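> This one is final-v6.cif, mmCIF, C-alpha atoms.
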```
data_query
#
loop_
_atom_site.group_PDB
_atom_site.id
_atom_site.type_symbol
_atom_site.label_atom_id
_atom_site.label_comp_id
_atom_site.auth_asym_id
_atom_site.auth_seq_id
_atom_site.Cartn_x
_atom_site.Cartn_y
_atom_site.Cartn_z
ATOM 1 C CA MET B 1 9.086 2.599 -36.954
ATOM 2 C CA THR B 2 7.743 5.071 -34.403
ATOM 3 C CA ARG B 3 6.401 3.696 -31.133
ATOM 4 C CA VAL B 4 2.730 4.446 -30.525
ATOM 5 C CA PRO B 5 2.138 6.228 -27.180
ATOM 6 C CA THR B 6 0.057 4.379 -24.596
ATOM 7 C CA ILE B 7 -2.698 6.238 -22.755
ATOM 8 C CA VAL B 8 -4.066 4.820 -19.501
ATOM 9 C CA ILE B 9 -7.616 5.776 -18.552
ATOM 10 C CA VAL B 10 -8.759 5.319 -14.948
ATOM 11 C CA ASP B 11 -12.432 6.021 -14.275
ATOM 12 C CA ASP B 12 -15.051 4.136 -12.288
ATOM 13 C CA ASP B 13 -17.713 5.039 -14.894
ATOM 14 C CA GLU B 14 -17.669 2.404 -17.649
ATOM 15 C CA GLY B 15 -19.296 4.762 -20.158
ATOM 16 C CA VAL B 16 -16.569 7.347 -19.639
ATOM 17 C CA ARG B 17 -13.859 4.678 -19.976
ATOM 18 C CA LEU B 18 -15.380 3.411 -23.218
ATOM 19 C CA SER B 19 -15.850 6.844 -24.787
ATOM 20 C CA LEU B 20 -12.375 8.052 -23.809
ATOM 21 C CA SER B 21 -10.720 4.853 -25.000
ATOM 22 C CA SER B 22 -12.577 5.068 -28.318
ATOM 23 C CA LEU B 23 -11.494 8.695 -28.733
ATOM 24 C CA ALA B 24 -7.857 7.960 -27.850
ATOM 25 C CA ARG B 25 -7.743 4.994 -30.229
ATOM 26 C CA SER B 26 -9.223 7.151 -33.007
ATOM 27 C CA LEU B 27 -6.354 9.592 -32.396
ATOM 28 C CA GLY B 28 -3.870 6.756 -32.964
ATOM 29 C CA TYR B 29 -2.922 5.912 -29.373
ATOM 30 C CA GLU B 30 -2.724 2.540 -27.663
ATOM 31 C CA VAL B 31 -5.096 2.450 -24.682
ATOM 32 C CA ARG B 32 -5.422 0.563 -21.413
ATOM 33 C CA THR B 33 -8.404 1.171 -19.131
ATOM 34 C CA TYR B 34 -8.959 0.525 -15.449
ATOM 35 C CA ALA B 35 -12.118 0.796 -13.344
ATOM 36 C CA SER B 36 -10.175 1.973 -10.283
ATOM 37 C CA ALA B 37 -6.913 3.537 -9.214
ATOM 38 C CA LEU B 38 -6.021 0.387 -7.285
ATOM 39 C CA ALA B 39 -6.546 -1.786 -10.383
ATOM 40 C CA PHE B 40 -4.059 0.405 -12.267
ATOM 41 C CA LEU B 41 -1.520 0.350 -9.421
ATOM 42 C CA ASP B 42 -1.898 -3.439 -9.072
ATOM 43 C CA ASP B 43 -1.130 -4.015 -12.775
ATOM 44 C CA THR B 44 2.605 -4.256 -12.157
ATOM 45 C CA GLY B 45 3.312 -6.281 -15.295
ATOM 46 C CA ALA B 46 2.112 -3.621 -17.708
ATOM 47 C CA ALA B 47 4.501 -1.222 -19.404
ATOM 48 C CA GLU B 48 4.644 2.337 -18.140
ATOM 49 C CA PRO B 49 2.083 4.566 -19.876
ATOM 50 C CA ASP B 50 2.995 7.695 -21.772
ATOM 51 C CA CYS B 51 0.063 9.578 -20.207
ATOM 52 C CA LEU B 52 -2.596 8.924 -17.559
ATOM 53 C CA ILE B 53 -6.140 10.292 -17.686
ATOM 54 C CA THR B 54 -7.942 9.851 -14.374
ATOM 55 C CA ASP B 55 -11.233 10.787 -12.810
ATOM 56 C CA LEU B 56 -10.863 12.787 -9.613
ATOM 57 C CA GLN B 57 -13.665 11.276 -7.530
ATOM 58 C CA MET B 58 -13.633 7.481 -7.416
ATOM 59 C CA PRO B 59 -14.349 4.964 -4.673
ATOM 60 C CA GLY B 60 -11.358 3.508 -2.843
ATOM 61 C CA MET B 61 -8.720 5.933 -4.077
ATOM 62 C CA SER B 62 -9.264 9.339 -5.649
ATOM 63 C CA GLY B 63 -7.503 10.607 -8.740
ATOM 64 C CA GLU B 64 -5.522 12.961 -6.549
ATOM 65 C CA GLN B 65 -4.392 10.086 -4.334
ATOM 66 C CA LEU B 66 -3.482 8.122 -7.471
ATOM 67 C CA ARG B 67 -1.396 11.006 -8.797
ATOM 68 C CA ASP B 68 0.338 11.236 -5.400
ATOM 69 C CA ALA B 69 0.999 7.464 -5.315
ATOM 70 C CA VAL B 70 2.457 7.515 -8.820
ATOM 71 C CA ALA B 71 4.720 10.471 -7.975
ATOM 72 C CA SER B 72 5.797 8.908 -4.645
ATOM 73 C CA ALA B 73 6.814 5.746 -6.495
ATOM 74 C CA GLY B 74 9.056 7.824 -8.768
ATOM 75 C CA ARG B 75 6.923 7.164 -11.826
ATOM 76 C CA ARG B 76 7.107 10.056 -14.273
ATOM 77 C CA PHE B 77 4.438 10.531 -16.918
ATOM 78 C CA PRO B 78 1.895 13.287 -17.590
ATOM 79 C CA VAL B 79 -1.382 13.123 -15.651
ATOM 80 C CA ILE B 80 -4.650 14.638 -16.863
ATOM 81 C CA VAL B 81 -7.362 14.885 -14.196
ATOM 82 C CA MET B 82 -11.073 15.112 -14.959
ATOM 83 C CA THR B 83 -13.926 15.843 -12.588
ATOM 84 C CA ALA B 84 -17.637 16.523 -12.633
ATOM 85 C CA PHE B 85 -17.244 18.354 -9.315
ATOM 86 C CA PRO B 86 -14.645 21.087 -9.851
ATOM 87 C CA ALA B 87 -13.231 23.019 -6.934
ATOM 88 C CA PRO B 88 -10.605 25.761 -7.164
ATOM 89 C CA ALA B 89 -8.665 24.316 -4.209
ATOM 90 C CA SER B 90 -8.363 20.849 -5.756
ATOM 91 C CA ARG B 91 -7.445 22.356 -9.126
ATOM 92 C CA GLU B 92 -4.660 24.400 -7.519
ATOM 93 C CA ARG B 93 -3.339 21.386 -5.555
ATOM 94 C CA LEU B 94 -3.343 19.111 -8.591
ATOM 95 C CA ILE B 95 -1.713 21.582 -10.969
ATOM 96 C CA ALA B 96 0.862 22.531 -8.308
ATOM 97 C CA GLY B 97 1.488 18.808 -7.771
ATOM 98 C CA GLY B 98 2.292 18.251 -11.421
ATOM 99 C CA ALA B 99 -0.974 17.440 -13.191
ATOM 100 C CA CYS B 100 -0.739 18.791 -16.729
ATOM 101 C CA ALA B 101 -4.486 19.470 -17.015
ATOM 102 C CA TYR B 102 -7.598 19.722 -14.835
ATOM 103 C CA LEU B 103 -10.702 19.256 -16.946
ATOM 104 C CA VAL B 104 -14.362 19.644 -16.014
ATOM 105 C CA LYS B 105 -16.721 16.920 -17.238
ATOM 106 C CA PRO B 106 -18.273 16.648 -19.679
ATOM 107 C CA VAL B 107 -15.115 17.247 -21.717
ATOM 108 C CA GLU B 108 -15.242 17.727 -25.467
ATOM 109 C CA GLY B 109 -13.184 15.369 -27.594
ATOM 110 C CA ALA B 110 -11.206 18.244 -29.095
ATOM 111 C CA THR B 111 -10.137 19.318 -25.607
ATOM 112 C CA ILE B 112 -8.943 15.808 -24.737
ATOM 113 C CA ALA B 113 -7.087 15.588 -28.062
ATOM 114 C CA ARG B 114 -5.368 18.933 -27.425
ATOM 115 C CA CYS B 115 -4.410 18.002 -23.845
ATOM 116 C CA LEU B 116 -2.991 14.650 -24.962
ATOM 117 C CA ALA B 117 -0.982 16.297 -27.734
ATOM 118 C CA GLN B 118 0.416 18.856 -25.278
ATOM 119 C CA ALA B 119 1.150 16.220 -22.625
ATOM 120 C CA LEU B 120 2.982 13.967 -25.073
ATOM 121 C CA ASP B 121 4.909 16.751 -26.812
ATOM 122 C CA PRO B 122 5.587 19.423 -24.171
ATOM 123 C CA PRO B 123 7.136 22.686 -25.363
ATOM 124 C CA GLN B 124 10.907 22.749 -25.220
ATOM 125 C CA GLY B 125 12.439 25.610 -23.363
#
```
For this file, produce the structure as structure tokens.

Amino acid sequence: MTRVPTIVIVDDDEGVRLSLSSLARSLGYEVRTYASALAFLDDTGAAEPDCLITDLQMPGMSGEQLRDAVASAGRRFPVIVMTAFPAPASRERLIAGGACAYLVKPVEGATIARCLAQALDPPQG
């Protein structure tokens, strides 16, 4: 039996968390959601996700800081960053730092589905 990938969604907006989790579940993924980056980092008993989708601008700790904290801890899984306030400098930093996608909200479901598929099955080469 094939293991179902787990997607973690971190966003301070409950509506975004609900819609993304519904979409990811409809695509066949397991989903865990968190209202903040710190809540995700504090959940030390949970299994490592297969992919993380995070908002960029959140109170307490930004999505960029979360991505940095995950990388500094040696945790390796794809990170998709979303923002309603895009900036070329932050996009360049995040992509250079290993984020597999930088998406501008609102994001269409088909775009999320494509990014998840690419993140979970990267091209071999």
> Just checking: using only C-alpha atoms, which residue out of B:Gln57, B:Ala84, B:Leu116, B:Val8 ends up closest to Asp43 in chain B?
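Distance minimum relative to Asp43 in chain B lands on B:Val8.
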> Pull the closest atom pair for each residue of range 16-53 of chain B that gets at most 12 Å from range 92-102 of chain B, along with the distance in Å to one decimal, counting all atoms listed in the file, ordering rows by chain and then ascending residue number, as JSON lines.

```
{"residue": "B:Cys51", "atom": "CA", "partner": "B:Cys100", "partner_atom": "CA", "distance": 9.9}
{"residue": "B:Leu52", "atom": "CA", "partner": "B:Ala99", "partner_atom": "CA", "distance": 9.7}
{"residue": "B:Ile53", "atom": "CA", "partner": "B:Ala101", "partner_atom": "CA", "distance": 9.3}
```
> With all atoms listed in the file as the basis for distance, which of B:Leu103, B:Thr6, B:Gly74, B:Val31 is at the shortest distance from Pro88 in chain B?
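Of B:Leu103, B:Thr6, B:Gly74, B:Val31, the one nearest Pro88 in chain B, counting all atoms listed in the file, is B:Leu103.
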> Expand the PyMOL selection byres ((chain B and resi 104) around 8) into the individual residues it matches in the shown file, reporting them as a list in words.
Met82, Thr83, Ala84, Phe85, Pro86, Tyr102, Leu103, Lys105, Pro106 and Val107 of chain B
> What is the distance, in Å and to one decimal place, between CA of Gly60 in chain B and CA of Ala89 in chain B?
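Between CA of Gly60 in chain B and CA of Ala89 in chain B the gap is 21.0 Å.
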> Once the PyMOL selection byres ((chain B and resi 35) around 10) has been applied to the shown file, what residues remain in the selection, as number ranges by chain?
B: 9-14, 17, 33-34, 36-40, 58-59
> At a cut-off of 10 Å from (-1.9, 18.6, -23.5) in the coordinates of the file, what residues are picked up using all atoms listed in the file, written as a CSV table (one decimal) with C-alpha atoms, in the coordinates of the input?

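This went into out09.csv:
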```csv
chain,number,residue,atom,x,y,z
B,51,CYS,CA,0.1,9.6,-20.2
B,78,PRO,CA,1.9,13.3,-17.6
B,79,VAL,CA,-1.4,13.1,-15.7
B,80,ILE,CA,-4.6,14.6,-16.9
B,100,CYS,CA,-0.7,18.8,-16.7
B,101,ALA,CA,-4.5,19.5,-17.0
B,111,THR,CA,-10.1,19.3,-25.6
B,112,ILE,CA,-8.9,15.8,-24.7
B,113,ALA,CA,-7.1,15.6,-28.1
B,114,ARG,CA,-5.4,18.9,-27.4
B,115,CYS,CA,-4.4,18.0,-23.8
B,116,LEU,CA,-3.0,14.6,-25.0
B,117,ALA,CA,-1.0,16.3,-27.7
B,118,GLN,CA,0.4,18.9,-25.3
B,119,ALA,CA,1.2,16.2,-22.6
B,120,LEU,CA,3.0,14.0,-25.1
B,121,ASP,CA,4.9,16.8,-26.8
B,122,PRO,CA,5.6,19.4,-24.2
```
> If I take CA of Ala110 in chain B and CA of Ser22 in chain B, how far is one from the other in Å, to one decimal?
13.3 Å
> Find the residues with any atom within 6 Å of (1.0, 4.4, -27.3); use all atoms listed in the file and the coordinates as given in the file, and write the answer as number ranges by chain.
B: 4-6, 29-30
> Output C-alpha atoms of each residue in that selection to a file, as an mmCIF file, keeping the file's coordinate frame.

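Everything below was put into result-v3.cif:
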```cif
data_model
loop_
_atom_site.group_PDB
_atom_site.id
_atom_site.type_symbol
_atom_site.label_atom_id
_atom_site.label_comp_id
_atom_site.auth_asym_id
_atom_site.auth_seq_id
_atom_site.Cartn_x
_atom_site.Cartn_y
_atom_site.Cartn_z
ATOM 1 C CA VAL B 4 2.730 4.446 -30.525
ATOM 2 C CA PRO B 5 2.138 6.228 -27.180
ATOM 3 C CA THR B 6 0.057 4.379 -24.596
ATOM 4 C CA TYR B 29 -2.922 5.912 -29.373
ATOM 5 C CA GLU B 30 -2.724 2.540 -27.663
#
```
> Using only C-alpha atoms for the distances, tell me which of B:Leu56, B:Gly28, B:Met61, B:Glu48 is nearest to Phe77 in chain B.
B:Glu48
